[in-house]
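Trainee: File follows, final_17.csv with CSV, C-alpha atoms:
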```csv
chain,number,residue,atom,x,y,z
A,1,MET,CA,-99.8,68.7,-68.0
A,2,ILE,CA,-99.8,66.1,-70.8
A,3,SER,CA,-96.0,65.6,-70.3
A,4,LEU,CA,-96.5,65.0,-66.6
A,5,LEU,CA,-99.2,62.4,-67.3
A,6,LYS,CA,-97.1,60.7,-70.0
A,7,TYR,CA,-94.1,60.6,-67.6
A,8,ARG,CA,-96.3,59.0,-64.9
A,9,ALA,CA,-97.8,56.6,-67.4
A,10,ALA,CA,-94.3,55.5,-68.5
A,11,LEU,CA,-93.3,55.0,-64.9
A,12,ILE,CA,-96.4,52.9,-64.2
A,13,ALA,CA,-95.7,50.9,-67.4
A,14,VAL,CA,-92.2,50.1,-66.1
A,15,ILE,CA,-93.5,49.1,-62.6
A,16,PHE,CA,-96.0,46.8,-64.2
A,17,GLY,CA,-93.5,45.4,-66.7
A,18,LEU,CA,-90.9,44.6,-64.1
A,19,PHE,CA,-90.7,41.2,-62.5
A,20,GLY,CA,-92.2,39.6,-65.6
A,21,GLY,CA,-95.5,41.4,-65.3
A,22,ALA,CA,-96.0,40.1,-61.7
A,23,ILE,CA,-98.9,42.4,-60.9
A,24,SER,CA,-100.9,41.3,-64.0
A,25,HIS,CA,-100.3,37.6,-63.1
A,26,LEU,CA,-101.8,38.0,-59.6
A,27,LEU,CA,-105.3,37.8,-61.0
A,28,LYS,CA,-104.8,35.5,-64.0
A,29,ILE,CA,-108.4,34.5,-64.3
A,30,GLU,CA,-109.5,33.9,-67.9
A,31,GLU,CA,-112.8,35.8,-67.7
A,32,LEU,CA,-111.2,39.0,-66.2
A,33,THR,CA,-108.1,39.4,-68.3
A,34,PHE,CA,-109.0,42.7,-70.0
A,35,TYR,CA,-111.0,44.1,-67.0
A,36,TYR,CA,-108.3,43.9,-64.4
A,37,THR,CA,-105.4,45.0,-66.6
A,38,ALA,CA,-107.3,48.2,-67.4
A,39,LEU,CA,-108.4,48.6,-63.8
A,40,ALA,CA,-104.9,48.2,-62.3
A,41,SER,CA,-103.4,50.7,-64.7
A,42,ILE,CA,-106.0,53.4,-63.9
A,43,ILE,CA,-105.7,52.8,-60.1
A,44,ALA,CA,-101.9,52.8,-60.3
A,45,LEU,CA,-101.7,56.1,-62.2
A,46,VAL,CA,-104.1,57.9,-59.8
A,47,VAL,CA,-102.3,56.5,-56.7
A,48,ASN,CA,-98.9,57.5,-58.1
A,49,LEU,CA,-100.1,61.1,-58.7
A,50,MET,CA,-101.8,61.3,-55.3
A,51,VAL,CA,-98.6,60.2,-53.6
A,52,SER,CA,-96.6,62.7,-55.5
A,53,PHE,CA,-99.0,65.5,-54.5
A,54,MET,CA,-99.2,64.5,-50.9
A,55,LEU,CA,-95.4,64.5,-50.5
A,56,LYS,CA,-95.2,68.1,-51.5
A,57,GLY,CA,-94.5,70.4,-48.5
A,58,ARG,CA,-91.9,71.2,-45.9
A,59,TRP,CA,-89.4,68.4,-45.1
A,60,ASN,CA,-88.5,68.1,-41.4
A,61,THR,CA,-87.8,65.4,-38.9
A,62,HIS,CA,-91.5,64.9,-38.0
A,63,VAL,CA,-92.5,64.4,-41.6
A,64,LYS,CA,-89.5,62.0,-42.1
A,65,TYR,CA,-90.6,59.8,-39.2
A,66,SER,CA,-94.2,59.9,-40.2
A,67,LEU,CA,-93.3,58.8,-43.7
A,68,LYS,CA,-91.2,55.9,-42.3
A,69,ALA,CA,-94.3,54.8,-40.3
A,70,VAL,CA,-96.5,55.1,-43.4
A,71,CYS,CA,-94.0,53.0,-45.4
A,72,LEU,CA,-94.1,50.3,-42.7
A,73,PHE,CA,-97.9,50.4,-42.6
A,74,LEU,CA,-98.1,50.1,-46.4
A,75,PHE,CA,-95.7,47.2,-46.3
A,76,ALA,CA,-97.6,45.3,-43.6
A,77,GLY,CA,-100.8,46.0,-45.4
A,78,LEU,CA,-99.4,44.7,-48.6
A,79,ILE,CA,-98.3,41.4,-47.1
A,80,LEU,CA,-101.7,41.0,-45.4
A,81,ILE,CA,-103.6,41.7,-48.6
A,82,LEU,CA,-101.4,39.4,-50.6
A,83,TYR,CA,-102.2,36.6,-48.2
A,84,THR,CA,-105.9,37.4,-48.3
A,85,HIS,CA,-106.0,37.6,-52.0
A,86,THR,CA,-104.2,34.3,-52.4
A,87,ARG,CA,-106.8,32.7,-50.1
A,88,TYR,CA,-109.7,34.2,-52.1
A,89,PHE,CA,-108.1,33.0,-55.3
A,90,LEU,CA,-107.8,29.4,-54.0
A,91,GLU,CA,-111.3,29.5,-52.6
A,92,GLY,CA,-113.0,31.4,-55.3
A,93,THR,CA,-111.7,29.8,-58.6
A,94,PHE,CA,-111.6,26.5,-60.2
A,95,PRO,CA,-109.2,25.2,-62.9
A,96,TYR,CA,-110.3,23.9,-66.2
A,97,LYS,CA,-108.1,22.1,-68.7
A,98,ASP,CA,-108.6,22.7,-72.4
A,99,PHE,CA,-107.9,20.0,-75.1
A,100,GLU,CA,-104.2,20.6,-75.0
A,101,GLY,CA,-104.0,20.3,-71.2
A,102,GLN,CA,-103.5,24.1,-70.6
A,103,VAL,CA,-105.1,25.2,-67.4
A,104,SER,CA,-107.3,28.3,-67.1
A,105,TYR,CA,-108.9,29.6,-64.0
A,106,TYR,CA,-112.5,30.7,-63.7
A,107,ILE,CA,-114.5,32.3,-61.0
A,108,LYS,CA,-116.9,30.0,-59.1
A,109,GLY,CA,-119.7,30.6,-56.6
A,110,THR,CA,-120.2,29.5,-53.1
A,111,GLU,CA,-123.8,28.1,-53.3
A,112,TYR,CA,-124.6,25.2,-55.5
A,113,THR,CA,-127.9,25.1,-57.5
A,114,PRO,CA,-130.4,22.3,-56.7
A,115,VAL,CA,-129.4,20.6,-60.0
A,116,ALA,CA,-125.7,20.6,-59.0
A,117,LYS,CA,-126.5,19.3,-55.6
A,118,ALA,CA,-128.6,16.5,-57.1
A,119,PHE,CA,-125.8,15.6,-59.6
A,120,LYS,CA,-123.2,15.5,-56.8
A,121,LEU,CA,-125.4,13.2,-54.8
A,122,GLU,CA,-125.9,10.9,-57.8
A,123,ASN,CA,-122.1,10.8,-58.4
A,124,PRO,CA,-120.4,10.5,-55.0
A,125,TYR,CA,-117.0,10.0,-56.7
A,126,ILE,CA,-116.9,13.7,-57.7
A,127,HIS,CA,-114.9,15.7,-55.2
A,128,SER,CA,-113.5,18.7,-56.9
A,129,ASP,CA,-115.4,21.5,-58.7
A,130,GLU,CA,-113.3,20.9,-61.8
A,131,ASP,CA,-114.6,17.3,-62.0
A,132,LEU,CA,-118.1,18.5,-61.3
A,133,ILE,CA,-118.0,20.8,-64.3
A,134,ARG,CA,-116.3,18.3,-66.6
A,135,GLU,CA,-118.5,15.3,-65.6
A,136,GLY,CA,-121.8,17.1,-65.5
A,137,PHE,CA,-121.9,20.6,-66.9
A,138,GLY,CA,-119.5,20.7,-69.9
A,139,SER,CA,-117.6,23.9,-69.7
A,140,PRO,CA,-117.2,27.0,-67.5
A,141,ASP,CA,-119.7,28.7,-69.8
A,142,GLU,CA,-122.4,26.7,-67.9
A,143,LYS,CA,-121.2,27.6,-64.4
A,144,ASP,CA,-124.4,29.5,-63.7
A,145,LYS,CA,-126.1,26.1,-63.8
A,146,VAL,CA,-123.7,25.0,-61.0
A,147,TRP,CA,-123.6,27.9,-58.7
A,148,THR,CA,-126.2,30.6,-58.1
A,149,GLN,CA,-125.5,33.9,-59.9
A,150,ASP,CA,-125.6,35.8,-56.7
A,151,SER,CA,-122.9,33.7,-55.1
A,152,ILE,CA,-120.7,34.0,-58.2
A,153,ASN,CA,-121.1,37.8,-58.1
A,154,LYS,CA,-120.0,37.9,-54.5
A,155,VAL,CA,-116.8,36.0,-55.2
A,156,TRP,CA,-116.1,38.1,-58.2
A,157,MET,CA,-116.4,41.3,-56.1
A,158,LYS,CA,-114.1,39.8,-53.4
A,159,LEU,CA,-111.4,39.0,-55.9
A,160,ILE,CA,-111.6,42.4,-57.7
A,161,THR,CA,-111.5,44.2,-54.4
A,162,SER,CA,-108.5,42.4,-53.0
A,163,TYR,CA,-106.7,42.8,-56.3
A,164,CYS,CA,-107.4,46.5,-56.3
A,165,LEU,CA,-106.1,46.8,-52.8
A,166,ILE,CA,-102.9,45.0,-53.8
A,167,VAL,CA,-102.3,47.5,-56.6
A,168,ILE,CA,-103.1,50.5,-54.4
A,169,LEU,CA,-100.7,49.4,-51.6
A,170,PHE,CA,-98.0,48.3,-53.9
A,171,VAL,CA,-98.0,51.4,-56.1
A,172,ALA,CA,-98.3,53.7,-53.1
A,173,LEU,CA,-95.4,52.0,-51.4
A,174,ILE,CA,-93.2,52.1,-54.5
A,175,SER,CA,-94.2,55.7,-55.3
A,176,VAL,CA,-93.4,57.0,-51.8
A,177,LEU,CA,-90.1,55.2,-51.7
A,178,ILE,CA,-89.1,56.4,-55.2
A,179,GLU,CA,-90.1,60.0,-54.5
A,180,ILE,CA,-88.3,60.2,-51.1
A,181,LEU,CA,-85.2,58.4,-52.2
A,182,MET,CA,-84.8,60.4,-55.4
A,183,THR,CA,-85.7,63.8,-54.1
A,184,LYS,CA,-84.6,63.9,-50.5
A,185,TYR,CA,-81.8,61.4,-50.5
A,186,GLY,CA,-80.7,61.8,-54.2
A,187,LYS,CA,-76.9,61.9,-53.6
A,188,SER,CA,-76.7,58.9,-51.3
A,189,THR,CA,-79.1,56.9,-53.5
A,190,LYS,CA,-77.1,57.7,-56.6
A,191,LYS,CA,-73.9,56.7,-54.9
A,192,LEU,CA,-75.5,53.4,-53.8
A,193,ILE,CA,-76.7,52.7,-57.3
A,194,GLU,CA,-73.2,53.4,-58.7
A,195,GLU,CA,-71.6,51.0,-56.2
A,196,ILE,CA,-74.0,48.3,-57.2
B,197,MET,CA,-80.2,44.2,-72.5
B,198,THR,CA,-82.8,44.6,-69.8
B,199,LYS,CA,-80.1,45.9,-67.4
B,200,ASP,CA,-79.0,48.5,-69.9
B,201,LEU,CA,-82.6,49.7,-70.5
B,202,VAL,CA,-83.3,50.0,-66.7
B,203,ALA,CA,-80.0,51.9,-66.3
B,204,ALA,CA,-80.9,54.3,-69.1
B,205,PHE,CA,-84.4,54.8,-67.7
B,206,ASP,CA,-82.9,55.4,-64.2
B,207,GLN,CA,-80.4,57.9,-65.6
B,208,THR,CA,-83.1,59.8,-67.5
B,209,LEU,CA,-85.3,59.9,-64.4
B,210,GLN,CA,-82.5,61.3,-62.3
B,211,GLU,CA,-81.8,64.0,-64.9
B,212,ILE,CA,-85.5,64.9,-64.9
B,213,THR,CA,-85.6,65.0,-61.1
B,214,VAL,CA,-82.6,67.2,-60.9
B,215,ALA,CA,-83.8,69.6,-63.6
B,216,LYS,CA,-87.4,69.5,-62.2
B,217,ARG,CA,-88.7,69.6,-65.8
B,218,ILE,CA,-89.0,67.1,-68.6
B,219,GLU,CA,-87.9,67.7,-72.2
B,220,PRO,CA,-89.8,66.1,-75.1
B,221,THR,CA,-86.8,64.1,-76.1
B,222,GLN,CA,-86.5,62.7,-72.5
B,223,LEU,CA,-90.2,61.8,-72.6
B,224,ALA,CA,-89.9,60.0,-75.9
B,225,LEU,CA,-86.8,58.1,-74.6
B,226,LEU,CA,-88.7,57.1,-71.4
B,227,GLU,CA,-91.7,55.9,-73.5
B,228,GLY,CA,-89.4,53.9,-75.8
B,229,ILE,CA,-87.6,52.3,-72.9
B,230,ALA,CA,-90.9,51.5,-71.2
B,231,ALA,CA,-92.3,49.9,-74.3
B,232,ASN,CA,-89.1,47.8,-74.8
B,233,LEU,CA,-89.0,46.7,-71.2
B,234,SER,CA,-92.7,45.7,-71.3
B,235,GLU,CA,-92.0,43.5,-74.4
B,236,LEU,CA,-88.9,42.0,-72.9
B,237,LEU,CA,-90.2,41.3,-69.4
B,238,SER,CA,-93.9,40.6,-69.8
B,239,GLU,CA,-95.0,37.7,-72.0
B,240,THR,CA,-98.4,39.2,-72.2
B,241,GLY,CA,-97.3,42.7,-73.0
B,242,ILE,CA,-97.4,42.3,-76.7
B,243,LEU,CA,-100.5,40.3,-76.7
B,244,THR,CA,-103.0,42.8,-75.4
B,245,PHE,CA,-105.3,42.9,-78.4
B,246,ARG,CA,-107.3,40.0,-79.8
B,247,MET,CA,-106.3,40.8,-83.3
B,248,GLU,CA,-102.7,40.7,-82.4
B,249,LYS,CA,-103.2,37.4,-80.6
B,250,ASP,CA,-104.9,35.9,-83.6
B,251,ARG,CA,-102.2,37.1,-85.9
B,252,LEU,CA,-99.5,35.6,-83.8
B,253,LEU,CA,-101.4,32.3,-83.4
B,254,ALA,CA,-101.6,32.1,-87.2
B,255,LEU,CA,-97.9,32.7,-87.5
B,256,ALA,CA,-97.2,30.1,-84.8
B,257,ALA,CA,-99.5,27.5,-86.3
B,258,PRO,CA,-100.3,28.2,-90.0
B,259,ASP,CA,-102.6,25.1,-90.2
B,260,LEU,CA,-105.0,26.9,-87.8
B,261,GLU,CA,-105.3,29.9,-89.9
B,262,GLU,CA,-108.4,29.0,-91.7
B,263,PRO,CA,-111.0,29.7,-89.0
B,264,TYR,CA,-109.7,33.2,-88.5
B,265,PRO,CA,-111.0,36.4,-90.2
B,266,THR,CA,-109.7,37.3,-93.6
B,267,TYR,CA,-107.4,40.1,-92.3
B,268,LEU,CA,-105.0,37.4,-91.2
B,269,SER,CA,-104.2,36.3,-94.7
B,270,THR,CA,-103.7,39.8,-96.0
B,271,ARG,CA,-101.6,41.0,-93.0
B,272,LEU,CA,-99.6,37.9,-92.4
B,273,ASN,CA,-95.9,38.5,-92.9
B,274,GLU,CA,-92.9,36.6,-91.4
B,275,THR,CA,-91.1,39.9,-90.8
B,276,ASP,CA,-93.9,41.0,-88.4
B,277,LEU,CA,-93.0,38.2,-86.0
B,278,PRO,CA,-91.7,39.7,-82.8
B,279,SER,CA,-88.6,38.4,-81.1
B,280,VAL,CA,-90.3,36.1,-78.6
B,281,GLU,CA,-90.5,32.4,-78.3
B,282,LEU,CA,-93.4,30.8,-80.2
B,283,SER,CA,-94.0,28.4,-77.4
B,284,LEU,CA,-95.0,31.3,-75.2
B,285,LEU,CA,-97.5,32.5,-77.7
B,286,ARG,CA,-99.1,29.1,-77.9
B,287,PHE,CA,-99.7,29.3,-74.2
B,288,GLU,CA,-101.3,32.7,-74.4
B,289,THR,CA,-103.5,31.9,-77.4
B,290,MET,CA,-105.4,28.9,-76.0
B,291,ALA,CA,-108.8,30.5,-76.0
B,292,PRO,CA,-109.9,29.2,-79.5
B,293,SER,CA,-109.3,25.6,-78.4
B,294,ASN,CA,-112.0,25.6,-75.7
B,295,THR,CA,-114.3,23.7,-78.1
B,296,MET,CA,-113.5,21.4,-81.0
B,297,ASP,CA,-115.5,19.9,-83.8
B,298,PHE,CA,-116.4,16.2,-83.7
B,299,ALA,CA,-118.2,14.1,-86.3
B,300,PHE,CA,-120.7,11.5,-85.2
B,301,ALA,CA,-121.4,8.3,-87.0
B,302,VAL,CA,-124.1,5.8,-86.0
B,303,TYR,CA,-123.1,2.2,-86.0
B,304,MET,CA,-125.9,-0.3,-85.7
B,305,TYR,CA,-125.9,-3.9,-84.5
B,306,SER,CA,-128.0,-6.1,-86.8
B,307,GLU,CA,-130.2,-8.9,-85.4
B,308,ASN,CA,-127.4,-11.5,-85.9
B,309,GLY,CA,-124.9,-9.3,-83.9
B,310,GLU,CA,-123.1,-7.9,-86.9
B,311,LEU,CA,-121.9,-4.2,-86.6
B,312,ILE,CA,-123.1,-2.1,-89.6
B,313,THR,CA,-120.9,1.0,-89.9
B,314,GLU,CA,-121.9,2.3,-93.3
B,315,GLY,CA,-124.6,2.0,-96.0
B,316,PRO,CA,-128.2,2.9,-96.4
B,317,LYS,CA,-129.2,1.3,-93.1
B,318,VAL,CA,-127.2,3.8,-90.9
B,319,GLU,CA,-126.3,6.8,-93.1
B,320,GLY,CA,-128.8,9.6,-93.1
B,321,LYS,CA,-131.3,7.6,-91.0
B,322,PHE,CA,-130.6,8.9,-87.5
B,323,THR,CA,-130.6,12.2,-85.7
B,324,VAL,CA,-128.1,12.9,-82.9
B,325,ARG,CA,-129.1,14.9,-79.8
B,326,TYR,CA,-127.0,15.7,-76.8
B,327,VAL,CA,-127.3,17.3,-73.4
B,328,LEU,CA,-125.1,18.1,-70.4
B,329,PRO,CA,-125.1,14.9,-68.3
B,330,ALA,CA,-126.5,16.8,-65.2
B,331,LEU,CA,-129.5,17.9,-67.3
B,332,LYS,CA,-130.4,14.7,-69.0
B,333,ASP,CA,-133.7,14.5,-67.2
B,334,PHE,CA,-134.8,17.9,-68.7
B,335,GLU,CA,-136.2,17.4,-72.2
B,336,ASN,CA,-135.9,21.1,-73.0
B,337,ALA,CA,-132.1,21.1,-72.3
B,338,TYR,CA,-131.4,18.7,-75.3
B,339,HIS,CA,-129.7,20.1,-78.4
B,340,THR,CA,-130.2,18.6,-81.8
B,341,ILE,CA,-127.4,18.4,-84.4
B,342,ARG,CA,-129.1,19.6,-87.6
B,343,THR,CA,-127.5,17.3,-90.1
B,344,PRO,CA,-128.2,13.6,-89.6
B,345,ALA,CA,-125.5,11.0,-89.0
B,346,THR,CA,-123.3,10.0,-90.8
B,347,TYR,CA,-121.6,12.6,-90.3
B,348,ALA,CA,-123.4,14.9,-87.8
B,349,VAL,CA,-120.8,17.5,-86.8
B,350,ALA,CA,-120.8,19.8,-83.8
B,351,ALA,CA,-118.3,21.6,-81.5
B,352,PHE,CA,-117.8,20.3,-77.9
B,353,PRO,CA,-115.7,21.3,-74.9
B,354,PRO,CA,-113.2,18.9,-73.3
B,355,ALA,CA,-115.9,17.4,-71.1
B,356,LYS,CA,-118.5,14.7,-70.9
B,357,MET,CA,-121.8,14.9,-72.8
B,358,PHE,CA,-124.8,12.6,-72.8
B,359,PHE,CA,-126.1,11.5,-76.2
B,360,VAL,CA,-129.4,10.1,-77.6
B,361,VAL,CA,-130.0,8.8,-81.1
B,362,GLU,CA,-133.4,9.1,-82.7
B,363,ASP,CA,-134.7,7.7,-86.0
B,364,MET,CA,-136.5,10.0,-88.4
B,365,ASN,CA,-139.8,9.3,-86.7
B,366,GLY,CA,-138.5,10.5,-83.4
B,367,ASN,CA,-138.1,7.0,-81.8
B,368,ARG,CA,-135.3,6.9,-79.4
B,369,MET,CA,-132.7,4.2,-80.1
B,370,ASN,CA,-130.8,2.2,-77.5
B,371,VAL,CA,-127.2,3.7,-77.4
B,372,GLN,CA,-124.6,1.4,-76.0
B,373,TYR,CA,-122.4,4.1,-74.5
B,374,PRO,CA,-124.4,7.2,-74.3
B,375,THR,CA,-121.9,9.3,-72.3
B,376,ILE,CA,-118.9,10.5,-74.4
B,377,ASP,CA,-115.8,12.0,-72.8
B,378,PHE,CA,-114.4,14.4,-75.5
B,379,ARG,CA,-111.1,14.9,-73.8
B,380,GLU,CA,-110.5,11.2,-74.2
B,381,GLU,CA,-111.8,11.2,-77.7
B,382,PHE,CA,-109.3,14.0,-78.5
B,383,ALA,CA,-106.5,12.2,-76.8
B,384,LYS,CA,-107.0,8.9,-78.5
B,385,PRO,CA,-108.8,9.5,-81.8
B,386,GLN,CA,-109.7,6.3,-83.6
B,387,LEU,CA,-111.0,7.6,-86.9
B,388,TYR,CA,-111.0,10.8,-89.0
B,389,ASN,CA,-113.5,11.7,-91.7
B,390,GLU,CA,-112.5,13.2,-95.0
B,391,ASP,CA,-112.4,16.7,-93.5
B,392,GLN,CA,-109.9,15.5,-90.8
B,393,VAL,CA,-112.5,15.8,-88.1
B,394,ILE,CA,-112.4,13.2,-85.3
B,395,VAL,CA,-115.2,10.7,-85.8
B,396,VAL,CA,-117.1,9.5,-82.7
B,397,PRO,CA,-119.1,6.3,-83.3
B,398,LEU,CA,-122.4,5.9,-81.5
B,399,ARG,CA,-123.3,2.2,-81.4
B,400,ILE,CA,-127.0,1.5,-81.3
B,401,SER,CA,-129.1,-1.7,-81.2
B,402,PRO,CA,-132.4,-2.0,-82.9
```
Would it be possible to restate this file's structure as C-alpha cells?
Mentor:
Amino acid sequence: MISLLKYRAALIAVIFGLFGGAISHLLKIEELTFYYTALASIIALVVNLMVSFMLKGRWNTHVKYSLKAVCLFLFAGLILILYTHTRYFLEGTFPYKDFEGQVSYYIKGTEYTPVAKAFKLENPYIHSDEDLIREGFGSPDEKDKVWTQDSINKVWMKLITSYCLIVILFVALISVLIEILMTKYGKSTKKLIEEI
Amino acid sequence: MTKDLVAAFDQTLQEITVAKRIEPTQLALLEGIAANLSELLSETGILTFRMEKDRLLALAAPDLEEPYPTYLSTRLNETDLPSVELSLLRFETMAPSNTMDFAFAVYMYSENGELITEGPKVEGKFTVRYVLPALKDFENAYHTIRTPATYAVAAFPPAKMFFVVEDMNGNRMNVQYPTIDFREEFAKPQLYNEDQVIVVPLRISP
C-alpha cells in the first residue's frame, strides 16, 4: 500500500520535474507559490491513481477505441484549458518590479474602488495597473485599496480553477498513455525506445 | 546526466511493470532518481522551503546575511552549496527586496535663499510623515516616522510616496518636492548616511 503510494508519488515528481518544472511555472504568481504547488501535487496523485484503477478490466477492441477517443478528448480539453488559463492570467494579474527590476505577478480584481477611480481621473496619464499601483498605491500589499475584495476573490478562483483543470487533464492524459503503452503495448514501446 | 537518469528510471519502471510488484531497492532507486531529476530540471525544486531559500541567499550574497535569523550564521557552510548557478538563486530569492530602508534628511532654505543641510536648525527639529499618493486627502492614512529627521529611517517599496514635514508643534512645512519615487532614488542614489542607507533629502522653505 505504502509502496504503491511512494511509486506513484515518485512518478508524479518526475512528471512535474520534467520540462524544467513546466507545470509549476504555469501559475507563477507570487502570492500563490506554495498553495498551487501543494494543490497540483495532490490532484496529480489522485488523478494518476484513479486512471490506473479505471483502466483495470478486460482489454478488447471496444475498450481500445474508447480509450483512443478519451485520449483525443483529453488532448483537446488540455489545449482549450491552456488557452483559457493564459487568457485568465493575462487579464487577472499585474506585473510589479522590485528594486532590482525583477518582475513578480500578483492577482488583481475587476472592479476599481472609488479611491482608485478618483486617482485615475486625476492622473489621466496612467494607463496600466502596474503604473496605477506604483504611482498611487505603493505596493501589491495595498491592492485591496485599488480593487474590491470581492472582485479579487473572483479572479483568484478563476485562476486556481483553470490551473487545477490543466493539472487534471495533463496528468490524466499522461497517465492513460503511460499505462496503455507500458502494459498493453509493452514490447513495441520498448522496441521503439531502444531504436531512439 | 539527465538522459541517463531518465533511462534508468524508465528501465526500472519497465522491470516493475513486467514483474507486477515493486521491490524496496527499486522503490529507493526511483525516489533517488526522481529527487535528482527534480534538482537538475527544476530551478525551484531545491528552493521549496523558506529556510532553505534564506540560507542560499546568504551564501549567494554574504553582505545580505545580517537581516536574517541567527540560524544562518550557525548553519552556513560552503560545502552545503548545491550545484546550481547562483544567478538562478538570486532570481528566486527576490522577496526580501520588496521594501528597502531609506533615511530622510530635512534641508531648509533660509530667508536669503541659502540651503541649510545640517546643524541645529534642521537636525532633530522636524517630523516626517508619509502617505500613499492616492490617499493624501485622508488624514488618517498618514504614517509618522518615529525618529525625527535627520535621519528618519523607514522602509519603502519601489513606488511613489507623498511626504509632509512638520515641526515639533505640528505645523506643516512647505515641501519643495513632496512626492518621492523610491525606484529612482534607489537607481540614482546621491548620498549615503554612516549606516550606508540611501539618504533622501526633503527640501522645505520656512
Trainee: Show which residues sit within 10 Å of Glu380 in chain B, as a VMD selection string. Count only C-alpha atoms, and ignore same-chain residues fewer than 6 positions away.
Mentor: (chain A and resid 99) or (chain B and resid 354 to 356)
Trainee: Looking at B:Val302, B:Ala330, B:Ile229, B:Ala224, which one is nearest to Lys120 in chain A, with distances taken over only C-alpha atoms?
Mentor: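 Answer, going by the shortest atom-to-atom distance: B:Ala330.
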Trainee: Between CA of Ile212 in chain B and CA of Ile12 in chain A, what is the spacing in Å?
Mentor: 16.2 Å
Trainee: Tell me, as number ranges by chain, which residues lie within 12 Å of Leu328 in chain B, counting only C-alpha atoms; anything in the same chain fewer than 6 positions away does not count.
Mentor: A: 115-116, 119, 132-139, 141-143, 145-146; B: 334-339, 352-353, 355-360, 374-377
Trainee: Give me a file of those residues, with C-alpha atoms, as an mmCIF file, keeping the file's coordinate frame.
Mentor:
```cif
data_model
loop_
_atom_site.group_PDB
_atom_site.id
_atom_site.type_symbol
_atom_site.label_atom_id
_atom_site.label_comp_id
_atom_site.auth_asym_id
_atom_site.auth_seq_id
_atom_site.Cartn_x
_atom_site.Cartn_y
_atom_site.Cartn_z
ATOM 1 C CA VAL A 115 -129.400 20.600 -60.000
ATOM 2 C CA ALA A 116 -125.700 20.600 -59.000
ATOM 3 C CA PHE A 119 -125.800 15.600 -59.600
ATOM 4 C CA LEU A 132 -118.100 18.500 -61.300
ATOM 5 C CA ILE A 133 -118.000 20.800 -64.300
ATOM 6 C CA ARG A 134 -116.300 18.300 -66.600
ATOM 7 C CA GLU A 135 -118.500 15.300 -65.600
ATOM 8 C CA GLY A 136 -121.800 17.100 -65.500
ATOM 9 C CA PHE A 137 -121.900 20.600 -66.900
ATOM 10 C CA GLY A 138 -119.500 20.700 -69.900
ATOM 11 C CA SER A 139 -117.600 23.900 -69.700
ATOM 12 C CA ASP A 141 -119.700 28.700 -69.800
ATOM 13 C CA GLU A 142 -122.400 26.700 -67.900
ATOM 14 C CA LYS A 143 -121.200 27.600 -64.400
ATOM 15 C CA LYS A 145 -126.100 26.100 -63.800
ATOM 16 C CA VAL A 146 -123.700 25.000 -61.000
ATOM 17 C CA PHE B 334 -134.800 17.900 -68.700
ATOM 18 C CA GLU B 335 -136.200 17.400 -72.200
ATOM 19 C CA ASN B 336 -135.900 21.100 -73.000
ATOM 20 C CA ALA B 337 -132.100 21.100 -72.300
ATOM 21 C CA TYR B 338 -131.400 18.700 -75.300
ATOM 22 C CA HIS B 339 -129.700 20.100 -78.400
ATOM 23 C CA PHE B 352 -117.800 20.300 -77.900
ATOM 24 C CA PRO B 353 -115.700 21.300 -74.900
ATOM 25 C CA ALA B 355 -115.900 17.400 -71.100
ATOM 26 C CA LYS B 356 -118.500 14.700 -70.900
ATOM 27 C CA MET B 357 -121.800 14.900 -72.800
ATOM 28 C CA PHE B 358 -124.800 12.600 -72.800
ATOM 29 C CA PHE B 359 -126.100 11.500 -76.200
ATOM 30 C CA VAL B 360 -129.400 10.100 -77.600
ATOM 31 C CA PRO B 374 -124.400 7.200 -74.300
ATOM 32 C CA THR B 375 -121.900 9.300 -72.300
ATOM 33 C CA ILE B 376 -118.900 10.500 -74.400
ATOM 34 C CA ASP B 377 -115.800 12.000 -72.800
#
```
Trainee: So which one's closest to chain B, A:Ala10, A:Leu55, A:Ala76, A:Ile81? Using only C-alpha atoms, please.
Mentor: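 Among A:Ala10, A:Leu55, A:Ala76, A:Ile81, it is A:Ala10 that comes nearest to chain B.
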Trainee: In Å, how far is it from CA of Pro329 in chain B to CA of Asn389 in chain B?
Mentor: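 Separation between CA of Pro329 in chain B and CA of Asn389 in chain B: 26.3 Å.
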Trainee: With only C-alpha atoms as the counted atoms, please give the residues lying no more than 10 Å from range 59-69 of chain A, apart from itself and same-chain residues fewer than 2 positions off, as a list in words.
Mentor: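 Contacts, with the query itself left out: Leu55, Lys56, Gly57, Cys71, Leu72, Phe73, Leu74, Phe75, Val176, Leu177, Ile180 and Lys184 of chain A.
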Trainee: Interatomic distance between CA of Tyr326 in chain B and CA of Tyr303 in chain B?
Mentor: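 Computed distance, CA of Tyr326 in chain B to CA of Tyr303 in chain B, equals 16.8 Å.
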Trainee: Closest to chain A among B:Leu225, B:Ala230, B:Val395, B:Ala203, using only C-alpha atoms?
Mentor: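 The closest residue to chain A is B:Ala230.
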